[in-house]
Structure formats: structure tokens, C-alpha cells
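Here is the file final.cif (mmCIF, C-alpha atoms).
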```cif
data_my_file
loop_
_atom_site.group_PDB
_atom_site.id
_atom_site.type_symbol
_atom_site.label_atom_id
_atom_site.label_comp_id
_atom_site.auth_asym_id
_atom_site.auth_seq_id
_atom_site.Cartn_x
_atom_site.Cartn_y
_atom_site.Cartn_z
ATOM 1 C CA MET I 1 -1.535 -3.571 -16.653
ATOM 2 C CA PRO I 2 -1.094 -0.307 -14.661
ATOM 3 C CA LEU I 3 -1.056 -0.588 -10.890
ATOM 4 C CA HIS I 4 -3.298 1.326 -8.535
ATOM 5 C CA LEU I 5 -1.548 1.880 -5.217
ATOM 6 C CA ILE I 6 -4.126 2.183 -2.410
ATOM 7 C CA VAL I 7 -2.517 3.488 0.779
ATOM 8 C CA ASP I 8 -3.985 3.272 4.283
ATOM 9 C CA GLY I 9 -2.794 6.773 5.203
ATOM 10 C CA TYR I 10 -2.787 6.789 8.992
ATOM 11 C CA ASN I 11 -1.473 3.221 9.072
ATOM 12 C CA LEU I 12 1.563 4.261 7.013
ATOM 13 C CA ILE I 13 2.058 7.422 9.078
ATOM 14 C CA HIS I 14 2.130 5.461 12.331
ATOM 15 C CA ALA I 15 4.424 2.776 10.862
ATOM 16 C CA SER I 16 7.025 5.390 9.885
ATOM 17 C CA LEU I 17 9.185 6.676 12.724
ATOM 18 C CA SER I 18 9.660 10.170 11.303
ATOM 19 C CA LEU I 19 6.029 10.609 10.228
ATOM 20 C CA HIS I 20 4.766 9.196 13.531
ATOM 21 C CA GLN I 21 6.932 11.677 15.427
ATOM 22 C CA LEU I 22 5.467 14.484 13.331
ATOM 23 C CA ALA I 23 1.917 13.134 13.865
ATOM 24 C CA THR I 24 2.285 13.405 17.641
ATOM 25 C CA GLU I 25 2.999 17.116 17.185
ATOM 26 C CA ASP I 26 0.673 17.997 14.295
ATOM 27 C CA LEU I 27 -1.475 15.475 12.407
ATOM 28 C CA GLU I 28 -2.126 17.827 9.490
ATOM 29 C CA GLN I 29 1.609 18.298 8.896
ATOM 30 C CA SER I 30 2.198 14.544 8.979
ATOM 31 C CA ARG I 31 -0.516 14.034 6.328
ATOM 32 C CA GLU I 32 1.069 16.708 4.137
ATOM 33 C CA ALA I 33 4.531 15.161 4.625
ATOM 34 C CA LEU I 34 3.182 11.759 3.586
ATOM 35 C CA LEU I 35 1.547 13.256 0.497
ATOM 36 C CA ARG I 36 4.792 15.025 -0.445
ATOM 37 C CA LEU I 37 6.711 11.748 -0.105
ATOM 38 C CA LEU I 38 4.114 9.937 -2.214
ATOM 39 C CA SER I 39 4.256 12.635 -4.892
ATOM 40 C CA GLU I 40 8.053 12.210 -5.076
ATOM 41 C CA TYR I 41 7.544 8.455 -5.310
ATOM 42 C CA ARG I 42 4.980 8.998 -8.080
ATOM 43 C CA ARG I 43 7.533 10.987 -10.103
ATOM 44 C CA GLN I 44 9.796 7.923 -10.114
ATOM 45 C CA LYS I 45 7.056 5.309 -10.569
ATOM 46 C CA PRO I 46 3.984 6.706 -12.351
ATOM 47 C CA HIS I 47 1.371 4.472 -10.724
ATOM 48 C CA ARG I 48 -2.088 5.709 -9.830
ATOM 49 C CA ILE I 49 -2.086 6.436 -6.110
ATOM 50 C CA THR I 50 -5.037 6.820 -3.760
ATOM 51 C CA VAL I 51 -4.513 7.613 -0.069
ATOM 52 C CA VAL I 52 -7.392 6.898 2.304
ATOM 53 C CA PHE I 53 -7.596 8.580 5.703
ATOM 54 C CA ASP I 54 -10.106 7.991 8.475
ATOM 55 C CA GLY I 55 -12.615 10.807 8.649
ATOM 56 C CA TRP I 56 -15.437 8.821 10.184
ATOM 57 C CA ILE I 57 -15.238 10.228 13.711
ATOM 58 C CA ASN I 58 -15.981 13.864 12.909
ATOM 59 C CA GLY I 59 -16.068 13.869 9.110
ATOM 60 C CA SER I 60 -18.830 14.679 6.660
ATOM 61 C CA THR I 61 -21.625 12.327 5.616
ATOM 62 C CA SER I 62 -19.988 11.546 2.257
ATOM 63 C CA THR I 63 -16.479 10.638 1.166
ATOM 64 C CA ASP I 64 -14.355 13.787 0.822
ATOM 65 C CA THR I 65 -12.125 13.666 -2.255
ATOM 66 C CA SER I 66 -9.257 15.977 -3.098
ATOM 67 C CA TYR I 67 -6.078 15.795 -5.172
ATOM 68 C CA PHE I 68 -2.475 16.532 -4.244
ATOM 69 C CA SER I 69 0.075 16.466 -7.105
ATOM 70 C CA GLY I 70 -1.922 13.853 -8.985
ATOM 71 C CA ILE I 71 -2.587 11.734 -5.894
ATOM 72 C CA ARG I 72 -6.213 11.144 -4.992
ATOM 73 C CA VAL I 73 -6.854 11.777 -1.295
ATOM 74 C CA LEU I 74 -9.991 10.330 0.295
ATOM 75 C CA PHE I 75 -11.372 10.898 3.781
ATOM 76 C CA SER I 76 -13.863 8.231 4.772
ATOM 77 C CA PRO I 77 -17.399 9.447 5.507
ATOM 78 C CA LYS I 78 -18.802 9.786 8.992
ATOM 79 C CA ASP I 79 -19.615 6.399 10.584
ATOM 80 C CA GLU I 80 -17.463 4.459 8.061
ATOM 81 C CA PRO I 81 -13.840 3.510 8.729
ATOM 82 C CA ALA I 82 -11.150 3.921 6.073
ATOM 83 C CA ASP I 83 -10.815 0.125 5.920
ATOM 84 C CA ASP I 84 -14.272 -0.105 4.327
ATOM 85 C CA VAL I 85 -13.389 2.557 1.749
ATOM 86 C CA ILE I 86 -10.171 0.685 0.918
ATOM 87 C CA LEU I 87 -12.108 -2.560 0.483
ATOM 88 C CA ARG I 88 -14.573 -0.821 -1.836
ATOM 89 C CA LEU I 89 -11.688 0.473 -3.965
ATOM 90 C CA VAL I 90 -10.127 -3.002 -4.052
ATOM 91 C CA ARG I 91 -13.399 -4.558 -5.236
ATOM 92 C CA ASN I 92 -13.384 -2.164 -8.201
ATOM 93 C CA GLU I 93 -9.693 -2.602 -9.069
ATOM 94 C CA LYS I 94 -9.185 -6.316 -8.289
ATOM 95 C CA GLN I 95 -5.770 -7.449 -9.668
ATOM 96 C CA ARG I 96 -4.623 -3.909 -10.488
ATOM 97 C CA ALA I 97 -4.717 -2.894 -6.807
ATOM 98 C CA VAL I 98 -1.738 -2.965 -4.462
ATOM 99 C CA VAL I 99 -2.792 -2.165 -0.892
ATOM 100 C CA VAL I 100 -0.282 -0.617 1.515
ATOM 101 C CA SER I 101 -1.393 -1.422 5.056
ATOM 102 C CA SER I 102 -0.098 -3.328 8.062
ATOM 103 C CA ASP I 103 -3.661 -4.055 9.162
ATOM 104 C CA ARG I 104 -4.024 -7.835 8.784
ATOM 105 C CA GLU I 105 -7.753 -7.672 8.129
ATOM 106 C CA VAL I 106 -7.325 -5.093 5.358
ATOM 107 C CA ALA I 107 -4.489 -7.106 3.782
ATOM 108 C CA SER I 108 -6.387 -10.413 3.881
ATOM 109 C CA ASN I 109 -9.551 -8.824 2.449
ATOM 110 C CA ALA I 110 -7.461 -7.293 -0.338
ATOM 111 C CA ARG I 111 -5.886 -10.647 -1.187
ATOM 112 C CA ARG I 112 -9.294 -12.315 -1.070
ATOM 113 C CA HIS I 113 -10.470 -9.945 -3.824
ATOM 114 C CA GLY I 114 -7.417 -10.574 -6.019
ATOM 115 C CA ALA I 115 -5.318 -7.578 -4.979
ATOM 116 C CA THR I 116 -1.767 -7.616 -3.707
ATOM 117 C CA SER I 117 -0.883 -6.246 -0.294
ATOM 118 C CA ILE I 118 2.344 -4.975 1.194
ATOM 119 C CA SER I 119 2.887 -3.946 4.795
ATOM 120 C CA SER I 120 3.576 -0.338 5.671
ATOM 121 C CA GLN I 121 6.952 -1.342 7.113
ATOM 122 C CA ASP I 122 7.979 -2.947 3.795
ATOM 123 C CA PHE I 123 6.724 -0.022 1.719
ATOM 124 C CA GLU I 124 8.308 2.716 3.842
ATOM 125 C CA PRO I 125 11.899 2.116 2.581
ATOM 126 C CA MET I 126 10.594 2.344 -1.008
ATOM 127 C CA LEU I 127 8.913 5.614 -0.120
ATOM 128 C CA PHE I 128 12.112 7.092 1.257
ATOM 129 C CA GLY I 129 14.121 5.837 -1.724
ATOM 130 C CA ALA I 130 15.994 3.042 0.030
ATOM 131 C CA GLN I 131 16.736 -0.305 -1.558
ATOM 132 C CA GLU I 132 13.532 -2.251 -2.016
ATOM 133 C CA PRO I 133 13.308 -5.638 -0.300
ATOM 134 C CA ASP I 134 14.022 -8.763 -2.331
ATOM 135 C CA TYR I 135 10.725 -10.648 -2.437
ATOM 136 C CA ALA I 136 12.083 -13.598 -4.416
ATOM 137 C CA SER I 137 14.293 -14.924 -1.638
ATOM 138 C CA PRO I 138 13.210 -13.973 1.884
ATOM 139 C CA HIS I 139 16.365 -15.481 3.446
ATOM 140 C CA PRO I 140 19.158 -15.499 0.865
ATOM 141 C CA SER I 141 21.784 -16.722 3.336
ATOM 142 C CA THR I 142 19.820 -19.874 4.242
ATOM 143 C CA HIS I 143 18.934 -20.836 0.660
ATOM 144 C CA SER I 144 21.295 -23.302 -0.967
ATOM 145 C CA PRO I 145 20.589 -24.363 -4.536
ATOM 146 C CA SER I 146 19.869 -28.034 -5.009
ATOM 147 C CA THR I 147 21.057 -29.975 -8.021
ATOM 148 C CA THR I 148 18.839 -33.010 -7.613
ATOM 149 C CA LYS I 149 15.558 -31.599 -8.974
ATOM 150 C CA LYS I 150 14.947 -29.405 -11.965
ATOM 151 C CA GLY I 151 11.925 -28.119 -13.808
ATOM 152 C CA PRO I 152 8.444 -27.012 -12.767
ATOM 153 C CA ALA I 153 8.716 -28.480 -9.267
ATOM 154 C CA LYS I 154 11.056 -25.583 -8.435
ATOM 155 C CA ARG I 155 8.485 -22.986 -9.463
ATOM 156 C CA LEU I 156 6.442 -21.030 -7.002
ATOM 157 C CA PRO I 157 2.658 -21.231 -7.312
ATOM 158 C CA ARG I 158 1.137 -18.959 -9.954
ATOM 159 C CA THR I 159 -0.497 -16.643 -7.420
ATOM 160 C CA LYS I 160 2.812 -16.059 -5.644
ATOM 161 C CA ARG I 161 4.598 -15.431 -8.949
ATOM 162 C CA LYS I 162 1.944 -12.855 -9.919
ATOM 163 C CA THR I 163 2.198 -11.188 -6.507
ATOM 164 C CA MET I 164 5.980 -10.933 -6.767
ATOM 165 C CA ALA I 165 5.698 -9.500 -10.278
ATOM 166 C CA ARG I 166 3.338 -6.765 -9.019
ATOM 167 C CA LEU I 167 5.549 -5.965 -6.043
ATOM 168 C CA LYS I 168 8.633 -5.683 -8.263
ATOM 169 C CA LYS I 169 6.845 -2.911 -10.174
ATOM 170 C CA LEU I 170 6.765 -0.862 -6.978
#
```
Let me see the structure of the file written as C-alpha cells.
Amino acid sequence: MPLHLIVDGYNLIHASLSLHQLATEDLEQSREALLRLLSEYRRQKPHRITVVFDGWINGSTSTDTSYFSGIRVLFSPKDEPADDVILRLVRNEKQRAVVVSSDREVASNARRHGATSISSQDFEPMLFGAQEPDYASPHPSTHSPSTTKKGPAKRLPRTKRKTMARLKKL
């Protein structure tokens, strides 16, 4: 099942130190830098990628759509925040969607509709080509294997196993 990466654009820009620095100087340049990074990421991992930016303050009355190196770029319509556009995309994609946002409300709504979410801080190292975090063991130094129990009791719940499988594809 192919993944559809749905990125909360400004959330990721402000979570990244270098992109946030650039955004304080020129917001347009920071958006372009993010799109260039995502296009490089897409060359390595050919997932469908949609980036959603807020355009609701002084945007048009409909969702503006454009493409940048195969990445779909959406600006939310006037009087509608990007979070609502992301939720609409998640409702259509369900389990295929992976939402990149540190906004707790966006992440919980995505999970409620069957999507997987990852915070902007966790996705940023993947974007810059660093080692991806190990989702299987959050604290490898504190985990000591036990020899008393074996079998299904050691398994994670099915939903967590599916989430980890989707995140490993990133």
C-alpha cells in the first residue's frame, strides 16, 4: 500500500531551526527551501507528498493547488485553516496517510481517522538525511530482555505494529 505523506508546511518550517531562521527573513524562500528538501526526499523514497500551507488570512476563496517537482502544494482557502484541509485529505486517504505535524489536535484527528502521524521534530532528521529514529525501542538502554515470558504476550498491539510499519517506510 503506497503512503501519502501529508505535511503541515508552516509547522515543519517553524520546527526546523534552519528553515525557521530563513522564515524570519523571507517566508517565500523558506517555503521554497522546504519544497526543495521534500523533492530530494521524494527522490529517495517515492511516496506521494502533499504540503499544505495556511492561506486563509489573505488567500483566495478556493484551495490553491500547484506542483513542485511532483509534490502537490496546497494553500488553504480564505477563512479555512490548513488544519481543516489536512483533515479533509486524511479522511480521503485513511490508512495510507502519514501526517507530519507537531500540532496535537491535527495528529489526534489524523489517528482518529486511521492515519499515522509523526511530529515535525521527528521527521526533520529524515528530511535532512540523518539517521531515522528507532520507533521499535524508544529507550534501548533501559530495555532488558526478559526470559520468563515468551509468545504473543510480548507483542505490541496491532495498531501500534501497523503504525511502526508505516513509519519504517519513511
Could you give me, as a PDB file with C-alpha atoms, in the coordinates of the input, the residues within 10 Å of segment 67-78 of chain I, counting all atoms listed in the file and dropping anything in the same chain fewer than 6 positions from it?
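Written file, around.pdb:
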```pdb
ATOM      1  CA  LEU I   5      -1.548   1.880  -5.217  1.00  0.00           C
ATOM      2  CA  ILE I   6      -4.126   2.183  -2.410  1.00  0.00           C
ATOM      3  CA  VAL I   7      -2.517   3.488   0.779  1.00  0.00           C
ATOM      4  CA  GLY I   9      -2.794   6.773   5.203  1.00  0.00           C
ATOM      5  CA  GLU I  32       1.069  16.708   4.137  1.00  0.00           C
ATOM      6  CA  LEU I  35       1.547  13.256   0.497  1.00  0.00           C
ATOM      7  CA  ARG I  36       4.792  15.025  -0.445  1.00  0.00           C
ATOM      8  CA  LEU I  38       4.114   9.937  -2.214  1.00  0.00           C
ATOM      9  CA  SER I  39       4.256  12.635  -4.892  1.00  0.00           C
ATOM     10  CA  GLU I  40       8.053  12.210  -5.076  1.00  0.00           C
ATOM     11  CA  ARG I  42       4.980   8.998  -8.080  1.00  0.00           C
ATOM     12  CA  ARG I  43       7.533  10.987 -10.103  1.00  0.00           C
ATOM     13  CA  PRO I  46       3.984   6.706 -12.351  1.00  0.00           C
ATOM     14  CA  HIS I  47       1.371   4.472 -10.724  1.00  0.00           C
ATOM     15  CA  ARG I  48      -2.088   5.709  -9.830  1.00  0.00           C
ATOM     16  CA  ILE I  49      -2.086   6.436  -6.110  1.00  0.00           C
ATOM     17  CA  THR I  50      -5.037   6.820  -3.760  1.00  0.00           C
ATOM     18  CA  VAL I  51      -4.513   7.613  -0.069  1.00  0.00           C
ATOM     19  CA  VAL I  52      -7.392   6.898   2.304  1.00  0.00           C
ATOM     20  CA  PHE I  53      -7.596   8.580   5.703  1.00  0.00           C
ATOM     21  CA  ASP I  54     -10.106   7.991   8.475  1.00  0.00           C
ATOM     22  CA  GLY I  55     -12.615  10.807   8.649  1.00  0.00           C
ATOM     23  CA  TRP I  56     -15.437   8.821  10.184  1.00  0.00           C
ATOM     24  CA  ILE I  57     -15.238  10.228  13.711  1.00  0.00           C
ATOM     25  CA  ASN I  58     -15.981  13.864  12.909  1.00  0.00           C
ATOM     26  CA  GLY I  59     -16.068  13.869   9.110  1.00  0.00           C
ATOM     27  CA  SER I  60     -18.830  14.679   6.660  1.00  0.00           C
ATOM     28  CA  THR I  61     -21.625  12.327   5.616  1.00  0.00           C
ATOM     29  CA  ASP I  84     -14.272  -0.105   4.327  1.00  0.00           C
ATOM     30  CA  VAL I  85     -13.389   2.557   1.749  1.00  0.00           C
ATOM     31  CA  ILE I  86     -10.171   0.685   0.918  1.00  0.00           C
TER      32      ILE I  86
END
```
If you apply the PyMOL selection byres ((chain I and resi 103) around 12) to this file, what residues do you get, as a list in words? Val7, Asp8, Gly9, Tyr10, Asn11, Leu12, His14, Ala15, Ala82, Asp83, Ile86, Val99, Val100, Ser101, Ser102, Arg104, Glu105, Val106, Ala107, Ser108, Asn109, Ala110, Ser117, Ile118, Ser119, Ser120 and Gln121 of chain I
Take every atom of segment 41-54 of chain I listed in the file, fit an axis-aligned box around them, add 3 Å per side, and give the centre and edge lengths in Å to one decimal as AutoDock Vina command-line options.
```
--center_x -0.2 --center_y 7.7 --center_z -1.9 --size_x 25.9 --size_y 12.5 --size_z 26.8
```
Excluding Ala97 of chain I and residues on its chain fewer than 2 positions from it, collect all residues at most 9 Å away from it, counting only C-alpha atoms, and give them as a PyMOL selection string. chain I and resi 3-6+89-95+99+110+114-117
Selection from above, C-alpha atoms, as a tab-separated table (two decimals), in the coordinates of the input, can you write it?
```tsv
chain	number	residue	atom	x	y	z
I	3	LEU	CA	-1.06	-0.59	-10.89
I	4	HIS	CA	-3.30	1.33	-8.54
I	5	LEU	CA	-1.55	1.88	-5.22
I	6	ILE	CA	-4.13	2.18	-2.41
I	89	LEU	CA	-11.69	0.47	-3.96
I	90	VAL	CA	-10.13	-3.00	-4.05
I	91	ARG	CA	-13.40	-4.56	-5.24
I	92	ASN	CA	-13.38	-2.16	-8.20
I	93	GLU	CA	-9.69	-2.60	-9.07
I	94	LYS	CA	-9.18	-6.32	-8.29
I	95	GLN	CA	-5.77	-7.45	-9.67
I	99	VAL	CA	-2.79	-2.16	-0.89
I	110	ALA	CA	-7.46	-7.29	-0.34
I	114	GLY	CA	-7.42	-10.57	-6.02
I	115	ALA	CA	-5.32	-7.58	-4.98
I	116	THR	CA	-1.77	-7.62	-3.71
I	117	SER	CA	-0.88	-6.25	-0.29
```
Please compute the atom CA of Ala165 of chain I-atom CA of Glu124 of chain I distance, one decimal, in Å.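 For atom CA of Ala165 of chain I relative to atom CA of Glu124 of chain I, the distance reads 18.9 Å.
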Of the candidates I:Thr159, I:Gln44, I:Gln29, I:Ser66, which one gets nearest to Arg112 of chain I if we count only C-alpha atoms? I:Thr159
What does the structure give for the distance between atom CA of Lys169 of chain I and atom CA of Lys45 of chain I, in Å to one decimal?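 It comes out at 8.2 Å.
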So how far away is atom CA of Arg31 of chain I from atom CA of Glu80 of chain I, in Å?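 Pair atom CA of Glu80 of chain I / atom CA of Arg31 of chain I returns 19.5 Å.
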